[in-house]
>>> print(open('start22.cif').read())   # mmCIF, C-alpha atoms and all ligand atoms
data_run
loop_
_atom_site.group_PDB
_atom_site.id
_atom_site.type_symbol
_atom_site.label_atom_id
_atom_site.label_comp_id
_atom_site.auth_asym_id
_atom_site.auth_seq_id
_atom_site.Cartn_x
_atom_site.Cartn_y
_atom_site.Cartn_z
ATOM 1 C CA MET Q 1 0.000 0.000 0.000
ATOM 2 C CA SER Q 2 1.446 3.398 -0.922
ATOM 3 C CA SER Q 3 1.886 5.920 1.911
ATOM 4 C CA PRO Q 4 -0.524 8.880 1.805
ATOM 5 C CA ARG Q 5 0.657 11.823 -0.238
ATOM 6 C CA LYS Q 6 1.877 14.852 1.727
ATOM 7 C CA LEU Q 7 -0.671 17.680 1.664
ATOM 8 C CA THR Q 8 0.201 20.891 -0.125
ATOM 9 C CA PRO Q 9 0.243 24.089 1.990
ATOM 10 C CA ALA Q 10 -3.030 25.144 0.330
ATOM 11 C CA GLU Q 11 -4.644 21.817 1.261
ATOM 12 C CA GLU Q 12 -3.299 22.087 4.837
ATOM 13 C CA ALA Q 13 -4.807 25.574 5.123
ATOM 14 C CA ARG Q 14 -8.133 24.362 3.756
ATOM 15 C CA LEU Q 15 -8.165 21.460 6.206
ATOM 16 C CA ALA Q 16 -7.370 23.799 9.111
ATOM 17 C CA GLN Q 17 -10.255 26.029 8.001
ATOM 18 C CA VAL Q 18 -12.687 23.098 7.867
ATOM 19 C CA ARG Q 19 -11.562 22.015 11.356
ATOM 20 C CA GLU Q 20 -11.961 25.547 12.716
ATOM 21 C CA ASN Q 21 -15.458 25.846 11.171
ATOM 22 C CA PHE Q 22 -16.452 22.526 12.658
ATOM 23 C CA GLN Q 23 -15.196 23.490 16.133
ATOM 24 C CA GLU Q 24 -16.923 26.838 15.940
ATOM 25 C CA ARG Q 25 -20.187 25.159 14.922
ATOM 26 C CA ARG Q 26 -19.802 22.786 17.880
ATOM 27 C CA ARG Q 27 -19.181 25.679 20.297
ATOM 28 C CA VAL Q 28 -22.299 27.476 19.008
ATOM 29 C CA THR Q 29 -24.377 24.298 19.297
ATOM 30 C CA GLU Q 30 -23.132 23.899 22.883
ATOM 31 C CA SER Q 31 -23.996 27.502 23.765
ATOM 32 C CA LEU Q 32 -27.459 27.066 22.299
ATOM 33 C CA GLU Q 33 -28.084 23.767 24.094
ATOM 34 C CA GLY Q 34 -29.434 25.282 27.303
ATOM 35 C CA ILE Q 35 -31.749 27.640 25.456
ATOM 36 C CA GLY Q 36 -35.351 26.574 24.904
ATOM 37 C CA THR Q 37 -37.256 27.880 21.881
ATOM 38 C CA ARG Q 38 -35.475 30.443 19.730
ATOM 39 C CA ILE Q 39 -37.828 32.812 17.970
ATOM 40 C CA GLY Q 40 -36.790 35.432 15.431
ATOM 41 C CA VAL Q 41 -38.920 38.550 14.994
ATOM 42 C CA TYR Q 42 -38.570 39.611 11.401
ATOM 43 C CA SER Q 43 -39.801 41.576 8.426
ATOM 44 C CA GLY Q 44 -38.060 42.610 5.234
ATOM 45 C CA LYS Q 45 -39.396 46.127 5.684
ATOM 46 C CA GLY Q 46 -37.769 48.539 8.141
ATOM 47 C CA GLY Q 47 -39.680 50.404 10.791
ATOM 48 C CA VAL Q 48 -42.763 48.165 10.932
ATOM 49 C CA GLY Q 49 -42.261 47.325 14.617
ATOM 50 C CA LYS Q 50 -39.891 44.339 14.894
ATOM 51 C CA THR Q 51 -38.068 45.765 17.913
ATOM 52 C CA THR Q 52 -41.367 46.846 19.488
ATOM 53 C CA VAL Q 53 -42.824 43.349 19.034
ATOM 54 C CA ALA Q 54 -39.631 41.579 20.177
ATOM 55 C CA THR Q 55 -39.275 43.597 23.397
ATOM 56 C CA ASN Q 56 -42.959 43.567 24.336
ATOM 57 C CA LEU Q 57 -43.260 39.872 23.549
ATOM 58 C CA ALA Q 58 -40.213 39.170 25.734
ATOM 59 C CA VAL Q 59 -41.566 41.099 28.725
ATOM 60 C CA THR Q 60 -45.035 39.549 28.234
ATOM 61 C CA LEU Q 61 -43.563 36.033 28.401
ATOM 62 C CA ALA Q 62 -41.413 37.008 31.404
ATOM 63 C CA ALA Q 63 -44.535 38.311 33.179
ATOM 64 C CA GLN Q 64 -45.983 34.807 32.659
ATOM 65 C CA ASN Q 65 -43.077 33.477 34.762
ATOM 66 C CA LYS Q 66 -41.119 32.247 31.793
ATOM 67 C CA ASP Q 67 -37.345 32.552 31.773
ATOM 68 C CA VAL Q 68 -36.714 34.801 28.758
ATOM 69 C CA ALA Q 69 -33.646 36.076 26.922
ATOM 70 C CA LEU Q 70 -33.800 38.874 24.370
ATOM 71 C CA PHE Q 71 -30.965 38.922 21.858
ATOM 72 C CA ASP Q 72 -30.661 42.117 19.834
ATOM 73 C CA CYS Q 73 -29.160 40.950 16.564
ATOM 74 C CA ASP Q 74 -29.605 44.218 14.728
ATOM 75 C CA ILE Q 75 -25.857 44.654 14.800
ATOM 76 C CA ASP Q 76 -25.847 47.861 12.704
ATOM 77 C CA CYS Q 77 -28.619 49.700 14.536
ATOM 78 C CA PRO Q 78 -29.229 48.037 17.907
ATOM 79 C CA ASN Q 79 -32.339 49.560 19.503
ATOM 80 C CA VAL Q 80 -33.469 47.116 22.168
ATOM 81 C CA THR Q 81 -31.496 48.739 24.992
ATOM 82 C CA ARG Q 82 -33.084 52.091 24.154
ATOM 83 C CA VAL Q 83 -36.620 50.677 24.134
ATOM 84 C CA LEU Q 84 -36.001 48.904 27.451
ATOM 85 C CA ARG Q 85 -34.120 51.885 28.898
ATOM 86 C CA ILE Q 86 -31.206 49.770 30.055
ATOM 87 C CA SER Q 87 -28.259 51.745 31.292
ATOM 88 C CA LYS Q 88 -26.051 48.966 32.665
ATOM 89 C CA GLY Q 89 -24.276 46.559 30.359
ATOM 90 C CA PRO Q 90 -23.247 42.955 31.018
ATOM 91 C CA VAL Q 91 -20.996 42.053 33.964
ATOM 92 C CA GLN Q 92 -17.831 40.021 33.468
ATOM 93 C CA ASN Q 93 -17.737 36.685 35.268
ATOM 94 C CA GLY Q 94 -14.442 34.962 34.468
ATOM 95 C CA GLU Q 95 -14.492 34.464 30.714
ATOM 96 C CA LYS Q 96 -18.243 34.900 30.525
ATOM 97 C CA LEU Q 97 -20.523 37.918 30.334
ATOM 98 C CA VAL Q 98 -23.635 37.954 32.489
ATOM 99 C CA PRO Q 99 -26.360 39.850 30.623
ATOM 100 C CA PRO Q 100 -28.259 42.550 32.496
ATOM 101 C CA GLU Q 101 -31.846 41.800 33.369
ATOM 102 C CA ARG Q 102 -34.657 44.259 32.744
ATOM 103 C CA PHE Q 103 -38.355 43.637 33.423
ATOM 104 C CA GLY Q 104 -37.425 39.994 34.029
ATOM 105 C CA VAL Q 105 -35.701 39.605 30.649
ATOM 106 C CA LYS Q 106 -31.995 38.881 30.078
ATOM 107 C CA VAL Q 107 -30.766 41.236 27.407
ATOM 108 C CA MET Q 108 -27.734 41.129 25.136
ATOM 109 C CA SER Q 109 -27.040 43.737 22.484
ATOM 110 C CA MET Q 110 -24.240 45.184 20.413
ATOM 111 C CA ALA Q 111 -25.293 48.543 21.855
ATOM 112 C CA PHE Q 112 -23.511 47.605 25.117
ATOM 113 C CA PHE Q 113 -20.212 47.685 23.264
ATOM 114 C CA GLN Q 114 -20.706 50.970 21.448
ATOM 115 C CA ASP Q 115 -18.994 54.021 22.916
ATOM 116 C CA ASN Q 116 -21.376 56.337 21.198
ATOM 117 C CA GLU Q 117 -25.018 55.530 20.539
ATOM 118 C CA ASP Q 118 -25.044 57.618 17.332
ATOM 119 C CA GLU Q 119 -22.107 55.710 15.868
ATOM 120 C CA ALA Q 120 -22.804 53.733 12.669
ATOM 121 C CA ILE Q 121 -21.599 50.143 12.667
ATOM 122 C CA VAL Q 122 -21.033 48.911 9.148
ATOM 123 C CA TRP Q 123 -20.325 45.219 9.098
ATOM 124 C CA ARG Q 124 -20.437 42.635 6.370
ATOM 125 C CA GLY Q 125 -21.709 39.065 6.650
ATOM 126 C CA PRO Q 126 -18.563 37.326 7.972
ATOM 127 C CA MET Q 127 -18.045 39.987 10.673
ATOM 128 C CA ILE Q 128 -21.679 39.734 11.733
ATOM 129 C CA HIS Q 129 -21.302 35.977 11.835
ATOM 130 C CA ASN Q 130 -18.228 36.333 14.081
ATOM 131 C CA ALA Q 131 -19.886 38.891 16.355
ATOM 132 C CA ILE Q 132 -22.950 36.688 16.831
ATOM 133 C CA ASN Q 133 -20.824 33.638 17.515
ATOM 134 C CA GLN Q 134 -18.805 35.573 20.034
ATOM 135 C CA PHE Q 135 -21.943 36.851 21.760
ATOM 136 C CA LEU Q 136 -23.312 33.329 21.890
ATOM 137 C CA ASN Q 137 -20.119 31.808 23.210
ATOM 138 C CA SER Q 138 -19.310 34.438 25.792
ATOM 139 C CA THR Q 139 -22.776 35.114 27.228
ATOM 140 C CA GLU Q 140 -23.961 33.278 30.295
ATOM 141 C CA TRP Q 141 -27.559 32.859 29.229
ATOM 142 C CA GLY Q 142 -28.550 30.313 31.856
ATOM 143 C CA ASN Q 143 -31.376 28.080 30.664
ATOM 144 C CA PRO Q 144 -34.056 30.383 29.275
ATOM 145 C CA ASP Q 145 -37.338 28.885 28.086
ATOM 146 C CA TYR Q 146 -37.344 31.348 25.202
ATOM 147 C CA MET Q 147 -34.813 33.379 23.332
ATOM 148 C CA ILE Q 148 -36.448 36.200 21.385
ATOM 149 C CA VAL Q 149 -34.217 37.506 18.619
ATOM 150 C CA ASP Q 150 -34.679 40.981 17.201
ATOM 151 C CA LEU Q 151 -33.521 40.823 13.589
ATOM 152 C CA PRO Q 152 -32.337 43.604 11.302
ATOM 153 C CA PRO Q 153 -34.610 44.535 8.372
ATOM 154 C CA GLY Q 154 -34.022 43.572 4.762
ATOM 155 C CA THR Q 155 -33.190 40.403 2.889
ATOM 156 C CA SER Q 156 -29.473 41.123 2.584
ATOM 157 C CA ASP Q 157 -26.609 39.223 4.189
ATOM 158 C CA ALA Q 158 -27.167 40.749 7.652
ATOM 159 C CA PRO Q 159 -30.495 39.051 8.519
ATOM 160 C CA LEU Q 160 -29.514 35.961 6.518
ATOM 161 C CA THR Q 161 -26.324 35.562 8.524
ATOM 162 C CA VAL Q 162 -28.215 35.876 11.803
ATOM 163 C CA MET Q 163 -30.803 33.320 10.689
ATOM 164 C CA GLN Q 164 -28.172 30.817 9.643
ATOM 165 C CA THR Q 165 -25.909 31.279 12.648
ATOM 166 C CA LEU Q 166 -28.611 31.071 15.300
ATOM 167 C CA ASP Q 167 -30.459 28.076 13.925
ATOM 168 C CA LEU Q 168 -33.790 29.609 14.908
ATOM 169 C CA ASP Q 169 -36.805 27.418 15.656
ATOM 170 C CA GLY Q 170 -39.236 29.765 13.973
ATOM 171 C CA PHE Q 171 -40.182 33.315 13.070
ATOM 172 C CA VAL Q 172 -42.821 35.848 13.919
ATOM 173 C CA ILE Q 173 -43.379 38.033 10.866
ATOM 174 C CA VAL Q 174 -44.372 41.618 11.522
ATOM 175 C CA THR Q 175 -46.241 43.665 8.945
ATOM 176 C CA THR Q 176 -48.348 46.784 8.934
ATOM 177 C CA PRO Q 177 -51.693 46.632 7.100
ATOM 178 C CA HIS Q 178 -50.205 48.739 4.293
ATOM 179 C CA GLU Q 179 -49.963 46.988 0.948
ATOM 180 C CA LEU Q 180 -46.200 47.650 0.518
ATOM 181 C CA ALA Q 181 -45.418 46.289 3.980
ATOM 182 C CA VAL Q 182 -47.543 43.233 3.203
ATOM 183 C CA LEU Q 183 -45.644 42.683 -0.051
ATOM 184 C CA ASP Q 184 -42.305 42.857 1.794
ATOM 185 C CA ALA Q 185 -43.635 40.515 4.485
ATOM 186 C CA LYS Q 186 -44.536 38.049 1.745
ATOM 187 C CA ARG Q 187 -40.984 38.219 0.401
ATOM 188 C CA SER Q 188 -39.642 37.629 3.919
ATOM 189 C CA ILE Q 189 -41.880 34.583 4.344
ATOM 190 C CA ASN Q 190 -40.743 33.167 1.012
ATOM 191 C CA MET Q 191 -37.126 33.715 1.989
ATOM 192 C CA ILE Q 192 -37.631 31.876 5.283
ATOM 193 C CA LYS Q 193 -39.355 29.017 3.473
ATOM 194 C CA LYS Q 194 -36.502 28.851 0.970
ATOM 195 C CA MET Q 195 -34.100 28.391 3.869
ATOM 196 C CA ASN Q 196 -36.292 25.526 5.119
ATOM 197 C CA LEU Q 197 -37.055 27.440 8.298
ATOM 198 C CA LYS Q 198 -40.445 27.852 9.901
ATOM 199 C CA VAL Q 199 -42.861 30.780 10.153
ATOM 200 C CA LEU Q 200 -44.764 30.544 13.444
ATOM 201 C CA GLY Q 201 -47.201 33.275 12.537
ATOM 202 C CA ILE Q 202 -47.943 36.812 11.406
ATOM 203 C CA VAL Q 203 -48.571 39.905 13.534
ATOM 204 C CA GLU Q 204 -50.292 42.971 12.102
ATOM 205 C CA ASN Q 205 -48.803 46.038 13.767
ATOM 206 C CA MET Q 206 -49.856 49.696 13.524
ATOM 207 C CA SER Q 207 -53.339 48.494 12.760
ATOM 208 C CA GLY Q 208 -56.119 51.059 12.331
ATOM 209 C CA GLY Q 209 -55.916 54.751 11.447
ATOM 210 C CA VAL Q 210 -54.255 55.742 8.189
ATOM 211 C CA PHE Q 211 -52.891 52.263 7.440
ATOM 212 C CA GLY Q 212 -56.320 50.618 7.642
ATOM 213 C CA THR Q 213 -56.654 47.102 8.929
ATOM 214 C CA GLY Q 214 -56.766 43.498 7.721
ATOM 215 C CA GLY Q 215 -53.561 43.291 5.617
ATOM 216 C CA GLY Q 216 -51.875 40.904 8.079
ATOM 217 C CA GLN Q 217 -54.881 38.620 8.362
ATOM 218 C CA ALA Q 218 -55.291 38.501 4.566
ATOM 219 C CA LEU Q 219 -51.595 37.672 4.167
ATOM 220 C CA ALA Q 220 -51.858 34.862 6.723
ATOM 221 C CA GLU Q 221 -54.813 33.396 4.824
ATOM 222 C CA GLU Q 222 -53.080 33.702 1.479
ATOM 223 C CA MET Q 223 -49.859 32.104 2.721
ATOM 224 C CA GLU Q 224 -51.768 29.551 4.843
ATOM 225 C CA LEU Q 225 -49.992 30.638 8.007
ATOM 226 C CA PRO Q 226 -51.312 31.269 11.530
ATOM 227 C CA PHE Q 227 -52.437 34.824 12.247
ATOM 228 C CA LEU Q 228 -51.257 35.678 15.768
ATOM 229 C CA GLY Q 229 -53.079 38.974 16.246
ATOM 230 C CA VAL Q 230 -53.198 42.723 15.777
ATOM 231 C CA LEU Q 231 -51.453 45.558 17.560
ATOM 232 C CA THR Q 232 -53.369 48.777 17.239
ATOM 233 C CA MET Q 233 -51.587 52.001 16.343
ATOM 234 C CA SER Q 234 -51.410 53.715 19.700
ATOM 235 C CA ALA Q 235 -49.776 56.623 21.500
ATOM 236 C CA ASP Q 236 -49.019 54.162 24.330
ATOM 237 C CA TYR Q 237 -45.785 53.321 22.487
ATOM 238 C CA MET Q 238 -44.538 56.910 22.692
ATOM 239 C CA ASN Q 239 -42.377 58.545 25.354
ATOM 240 C CA SER Q 240 -42.631 55.612 27.631
ATOM 241 C CA GLN Q 241 -40.214 54.670 30.381
ATOM 242 C CA LYS Q 242 -41.445 51.097 30.061
ATOM 243 C CA PRO Q 243 -42.470 48.803 27.212
ATOM 244 C CA ALA Q 244 -46.075 49.693 26.346
ATOM 245 C CA SER Q 245 -47.364 46.233 27.310
ATOM 246 C CA LEU Q 246 -46.340 46.902 30.922
ATOM 247 C CA GLU Q 247 -48.093 50.251 31.014
ATOM 248 C CA SER Q 248 -51.262 49.914 29.001
ATOM 249 C CA ASP Q 249 -53.953 47.289 29.622
ATOM 250 C CA SER Q 250 -55.115 47.335 26.025
ATOM 251 C CA VAL Q 251 -51.571 46.791 24.666
ATOM 252 C CA ALA Q 252 -51.018 44.071 27.315
ATOM 253 C CA ALA Q 253 -54.217 42.309 26.159
ATOM 254 C CA GLU Q 254 -53.039 42.381 22.521
ATOM 255 C CA PHE Q 255 -49.670 40.905 23.457
ATOM 256 C CA ALA Q 256 -51.341 38.266 25.646
ATOM 257 C CA THR Q 257 -53.327 37.103 22.597
ATOM 258 C CA ILE Q 258 -50.179 37.022 20.452
ATOM 259 C CA SER Q 259 -48.140 35.114 23.048
ATOM 260 C CA GLU Q 260 -50.964 32.579 23.482
ATOM 261 C CA GLY Q 261 -51.130 31.987 19.729
ATOM 262 C CA LEU Q 262 -47.372 31.692 19.573
ATOM 263 C CA SER Q 263 -47.202 29.160 22.435
ATOM 264 C CA ALA Q 264 -49.889 27.114 20.688
ATOM 265 C CA GLN Q 265 -47.844 27.063 17.466
ATOM 266 C CA ILE Q 266 -44.680 26.089 19.340
ATOM 267 C CA ASN Q 267 -46.528 23.243 21.075
ATOM 268 C CA ILE Q 268 -47.976 22.028 17.777
ATOM 269 C CA GLY Q 269 -44.430 22.063 16.342
ATOM 270 C CA LYS Q 270 -43.118 20.077 19.320
ATOM 271 C CA SER Q 271 -45.819 17.436 19.037
ATOM 272 C CA ILE Q 272 -45.010 16.982 15.332
ATOM 273 C CA ASP Q 273 -41.203 16.697 15.890
HETATM 274 N N1 LIG Q 301 -48.484 49.900 17.308
HETATM 275 C C1 LIG Q 301 -47.725 51.002 17.329
HETATM 276 N N2 LIG Q 301 -48.290 52.211 17.569
HETATM 277 C C2 LIG Q 301 -47.534 53.332 17.576
HETATM 278 N N3 LIG Q 301 -46.235 53.362 17.359
HETATM 279 C C3 LIG Q 301 -45.614 52.204 17.117
HETATM 280 C C4 LIG Q 301 -46.316 50.962 17.089
HETATM 281 N N4 LIG Q 301 -45.408 49.981 16.824
HETATM 282 C C5 LIG Q 301 -44.220 50.566 16.709
HETATM 283 N N5 LIG Q 301 -44.313 51.901 16.880
HETATM 284 C C6 LIG Q 301 -43.241 52.886 16.775
HETATM 285 O O1 LIG Q 301 -42.726 52.848 15.453
HETATM 286 C C7 LIG Q 301 -41.328 53.066 15.460
HETATM 287 C C8 LIG Q 301 -40.630 51.922 14.729
HETATM 288 O O2 LIG Q 301 -40.799 50.734 15.488
HETATM 289 P P1 LIG Q 301 -39.610 49.690 15.659
HETATM 290 O O3 LIG Q 301 -38.326 50.361 15.974
HETATM 291 O O4 LIG Q 301 -40.111 48.649 16.588
HETATM 292 O O5 LIG Q 301 -39.539 49.106 14.188
HETATM 293 P P2 LIG Q 301 -38.479 48.108 13.565
HETATM 294 O O6 LIG Q 301 -39.199 47.270 12.585
HETATM 295 O O7 LIG Q 301 -37.729 47.415 14.635
HETATM 296 O O8 LIG Q 301 -37.495 49.114 12.825
HETATM 297 P P3 LIG Q 301 -36.066 48.745 12.159
HETATM 298 O O9 LIG Q 301 -36.408 48.086 10.855
HETATM 299 O O10 LIG Q 301 -35.422 50.067 11.983
HETATM 300 O O11 LIG Q 301 -35.342 47.827 13.099
HETATM 301 C C9 LIG Q 301 -40.914 53.216 16.929
HETATM 302 O O12 LIG Q 301 -40.827 54.567 17.236
HETATM 303 C C10 LIG Q 301 -42.065 52.569 17.689
HETATM 304 O O13 LIG Q 301 -42.261 53.106 18.973
HETATM 305 MG MG MG Q 302 -35.604 47.263 14.995
#
>>> encode(input="start22.cif", output="structure tokens", more="lines below")
Ligand SMILES: Nc1ncnc2c1ncn2[C@@H]1O[C@H](COP(=O)(O)OP(=O)(O)OP(=O)(O)O)[C@@H](O)[C@H]1O
Ligand SMILES: [Mg+2]
Amino acid sequence: MSSPRKLTPAEEARLAQVRENFQERRRVTESLEGIGTRIGVYSGKGGVGKTTVATNLAVTLAAQNKDVALFDCDIDCPNVTRVLRISKGPVQNGEKLVPPERFGVKVMSMAFFQDNEDEAIVWRGPMIHNAINQFLNSTEWGNPDYMIVDLPPGTSDAPLTVMQTLDLDGFVIVTTPHELAVLDAKRSINMIKKMNLKVLGIVENMSGGVFGTGGGQALAEEMELPFLGVLTMSADYMNSQKPASLESDSVAAEFATISEGLSAQINIGKSID
């Protein structure tokens, strides 16, 4: 039998890269092991209320005595800390970072590592991938029942990278009733389906007033997806020191309906698996 041929430097480098990728994947899988259901809140369109839905959903679940983590993966424009009015960042514990807790939710965000809130962070896919991996590996999440992930808008490499890296269990799609938002939501759903990932349901935000109502429900019917509920356009979301669902009974009731629908979908998914 002939002895194996010596690898060329290029082949050695390639092999080292494959090994590194494999180890990194294993580290991420290990960090995600203790985390229950991972839910991405997403829409292709900007400004439709992803961060609002992600934060209010997280505090709603925490108020139901669930252990909840909120991971702000809008690396370019992290807004979760602003919405939750968090002033303290994570605390170092050996090699790990312990995320701050606010309204019963453990929060991690790129914003904690920005010197200046107005600063623009312009990162490409591989850097986002590395940042997310590093967050995952270095954060002491504990064993949350849910991890809610606030995604950046668009269908470019930023949200795609987050989706692929985090291996999310499913998505909540946010749309307004407006026809253009609905069209973008449809694109987002098709993108998620293309990646063989799951849409848990659709939320219609900013319902009523100038935008009208019903676009989210119609989209859910057309795409044969669960409709989780509406969030009315409301001044309760303005100038608040707290997420609106903790201040307003009507907003709290809307989020209770959405979280119930979401839990039902997650349970259906579990019974099928
Ligand atoms: N139902 C609502 N009624 C009134 N204002 C709302 C409602 N939902 C969200 N808003 C407001 O709309 C603005 C945009 O919401 P938000 O930041 O959650 O959107 P987003 O989809 O996360 O945006 P981006 O794409 O930039 O990440 C915020 O000022 C928020 O307070
Ligand atoms: Mg946002």
>>> resolve_selection(input="start22.cif", expression="the PyMOL selection byres (((chain Q and resi 255-264) around 10) and not hetatm)", output="PDB file with C-alpha atoms, in the frame of the given file")
ATOM      1  CA  ILE Q  39     -37.828  32.812  17.970  1.00  0.00           C
ATOM      2  CA  VAL Q  53     -42.824  43.349  19.034  1.00  0.00           C
ATOM      3  CA  ASN Q  56     -42.959  43.567  24.336  1.00  0.00           C
ATOM      4  CA  LEU Q  57     -43.260  39.872  23.549  1.00  0.00           C
ATOM      5  CA  ALA Q  58     -40.213  39.170  25.734  1.00  0.00           C
ATOM      6  CA  VAL Q  59     -41.566  41.099  28.725  1.00  0.00           C
ATOM      7  CA  THR Q  60     -45.035  39.549  28.234  1.00  0.00           C
ATOM      8  CA  LEU Q  61     -43.563  36.033  28.401  1.00  0.00           C
ATOM      9  CA  GLN Q  64     -45.983  34.807  32.659  1.00  0.00           C
ATOM     10  CA  PHE Q 171     -40.182  33.315  13.070  1.00  0.00           C
ATOM     11  CA  VAL Q 172     -42.821  35.848  13.919  1.00  0.00           C
ATOM     12  CA  LEU Q 200     -44.764  30.544  13.444  1.00  0.00           C
ATOM     13  CA  GLY Q 201     -47.201  33.275  12.537  1.00  0.00           C
ATOM     14  CA  ILE Q 202     -47.943  36.812  11.406  1.00  0.00           C
ATOM     15  CA  VAL Q 203     -48.571  39.905  13.534  1.00  0.00           C
ATOM     16  CA  PRO Q 226     -51.312  31.269  11.530  1.00  0.00           C
ATOM     17  CA  PHE Q 227     -52.437  34.824  12.247  1.00  0.00           C
ATOM     18  CA  LEU Q 228     -51.257  35.678  15.768  1.00  0.00           C
ATOM     19  CA  GLY Q 229     -53.079  38.974  16.246  1.00  0.00           C
ATOM     20  CA  VAL Q 230     -53.198  42.723  15.777  1.00  0.00           C
ATOM     21  CA  LEU Q 231     -51.453  45.558  17.560  1.00  0.00           C
ATOM     22  CA  ALA Q 244     -46.075  49.693  26.346  1.00  0.00           C
ATOM     23  CA  SER Q 245     -47.364  46.233  27.310  1.00  0.00           C
ATOM     24  CA  ASP Q 249     -53.953  47.289  29.622  1.00  0.00           C
ATOM     25  CA  SER Q 250     -55.115  47.335  26.025  1.00  0.00           C
ATOM     26  CA  VAL Q 251     -51.571  46.791  24.666  1.00  0.00           C
ATOM     27  CA  ALA Q 252     -51.018  44.071  27.315  1.00  0.00           C
ATOM     28  CA  ALA Q 253     -54.217  42.309  26.159  1.00  0.00           C
ATOM     29  CA  GLU Q 254     -53.039  42.381  22.521  1.00  0.00           C
ATOM     30  CA  GLN Q 265     -47.844  27.063  17.466  1.00  0.00           C
ATOM     31  CA  ILE Q 266     -44.680  26.089  19.340  1.00  0.00           C
ATOM     32  CA  ASN Q 267     -46.528  23.243  21.075  1.00  0.00           C
ATOM     33  CA  ILE Q 268     -47.976  22.028  17.777  1.00  0.00           C
ATOM     34  CA  GLY Q 269     -44.430  22.063  16.342  1.00  0.00           C
ATOM     35  CA  LYS Q 270     -43.118  20.077  19.320  1.00  0.00           C
TER      36      LYS Q 270
END
>>> resolve_selection(input="start22.cif", expression="the PyMOL selection byres (((chain Q and resi 37) around 7) and not hetatm)", output="PyMOL selection string")
chain Q and resi 35-36+38-39+145-147+169
>>> residues_around(input="start22.cif", residues="Thr155 in chain Q", least_positions_apart="4", cutoff="12 Å", atoms="only C-alpha atoms", output="list in words")
Tyr42, Ser43, Gly44, Lys45, Gly46, Leu151, Pro159, Leu160, Thr161, Val162, Met163, Asp184, Ala185, Lys186, Arg187, Ser188, Ile189, Asn190, Met191 and Ile192 of chain Q
>>> closest_residue(input="start22.cif", among="Q:Gly94, Q:Val182, Q:Thr139, Q:Cys77", to="Ala111 in chain Q", atoms="all atoms listed in the file")
Q:Cys77
>>> residues_near_ligand(input="start22.cif", ligand="ligand LIG 301 (chain Q)", cutoff="9 Å", atoms="only C-alpha atoms and all ligand atoms", output="number ranges by chain")
Q: 41-55, 74, 77-80, 83, 150-154, 174-176, 204-207, 230-239, 244, 251
>>> axis_aligned_box(input="start22.cif", around="range 192-208 of chain Q", padding_each_side="6 Å", output="lines of an AutoDock Vina configuration file")
center_x = -45.1
center_y = 38.3
center_z = 7.4
size_x = 34.0
size_y = 37.5
size_z = 24.8
>>> atom_distance(input="start22.cif", atom1="CA of Lys106 in chain Q", atom2="CA of Trp141 in chain Q")
7.5 Å
>>> atom_distance(input="start22.cif", atom1="CA of Leu136 in chain Q", atom2="CA of Val28 in chain Q")
6.6 Å
>>> closest_residue(input="start22.cif", among="Q:Ala62, Q:Phe211, Q:Arg27, Q:Gly142", to="Ala181 in chain Q", atoms="only C-alpha atoms")
Q:Phe211
>>> closest_residue(input="start22.cif", among="Q:Pro90, Q:Pro126, Q:Gly40, Q:Gly104", to="ligand MG 302 (chain Q)", atoms="only C-alpha atoms and all ligand atoms")
Q:Gly40
>>> closest_residue(input="start22.cif", among="Q:Cys73, Q:Val199, Q:Leu32, Q:Leu219", to="Glu140 in chain Q", atoms="all atoms listed in the file")
Q:Leu32
>>> closest_residue(input="start22.cif", among="Q:Gln23, Q:Ile86, Q:Phe71, Q:Glu33", to="ligand MG 302 (chain Q)", atoms="only C-alpha atoms and all ligand atoms")
Q:Phe71
>>> closest_residue(input="start22.cif", among="Q:Arg19, Q:Arg82, Q:His129, Q:Lys198", to="Leu168 in chain Q", atoms="all atoms listed in the file")
Q:Lys198
>>> atom_distance(input="start22.cif", atom1="CA of Met110 in chain Q", atom2="CA of Lys96 in chain Q")
15.6 Å
>>> decode(input="start22.cif", residues="range 79-86 of chain Q", atoms="N, CA and C atoms", output="compact mmCIF listing (two decimals), in the first residue's frame")
# COMPACT_ATOMS: atom_id res chain seq x y z
N ASN Q 79 -31.38 48.64 18.86
CA ASN Q 79 -32.34 49.56 19.50
C ASN Q 79 -32.97 49.02 20.78
N VAL Q 80 -32.77 47.73 21.04
CA VAL Q 80 -33.47 47.12 22.17
C VAL Q 80 -33.15 47.80 23.50
N THR Q 81 -31.87 48.15 23.70
CA THR Q 81 -31.50 48.74 24.99
C THR Q 81 -32.19 50.09 25.18
N ARG Q 82 -32.40 50.79 24.08
CA ARG Q 82 -33.08 52.09 24.15
C ARG Q 82 -34.55 51.87 24.54
N VAL Q 83 -35.20 50.92 23.87
CA VAL Q 83 -36.62 50.68 24.13
C VAL Q 83 -36.81 50.21 25.59
N LEU Q 84 -35.86 49.41 26.08
CA LEU Q 84 -36.00 48.90 27.45
C LEU Q 84 -35.38 49.84 28.49
N ARG Q 85 -34.78 50.91 28.00
CA ARG Q 85 -34.12 51.88 28.90
C ARG Q 85 -33.12 51.20 29.84
N ILE Q 86 -32.23 50.43 29.24
CA ILE Q 86 -31.21 49.77 30.06
C ILE Q 86 -29.97 50.65 30.07
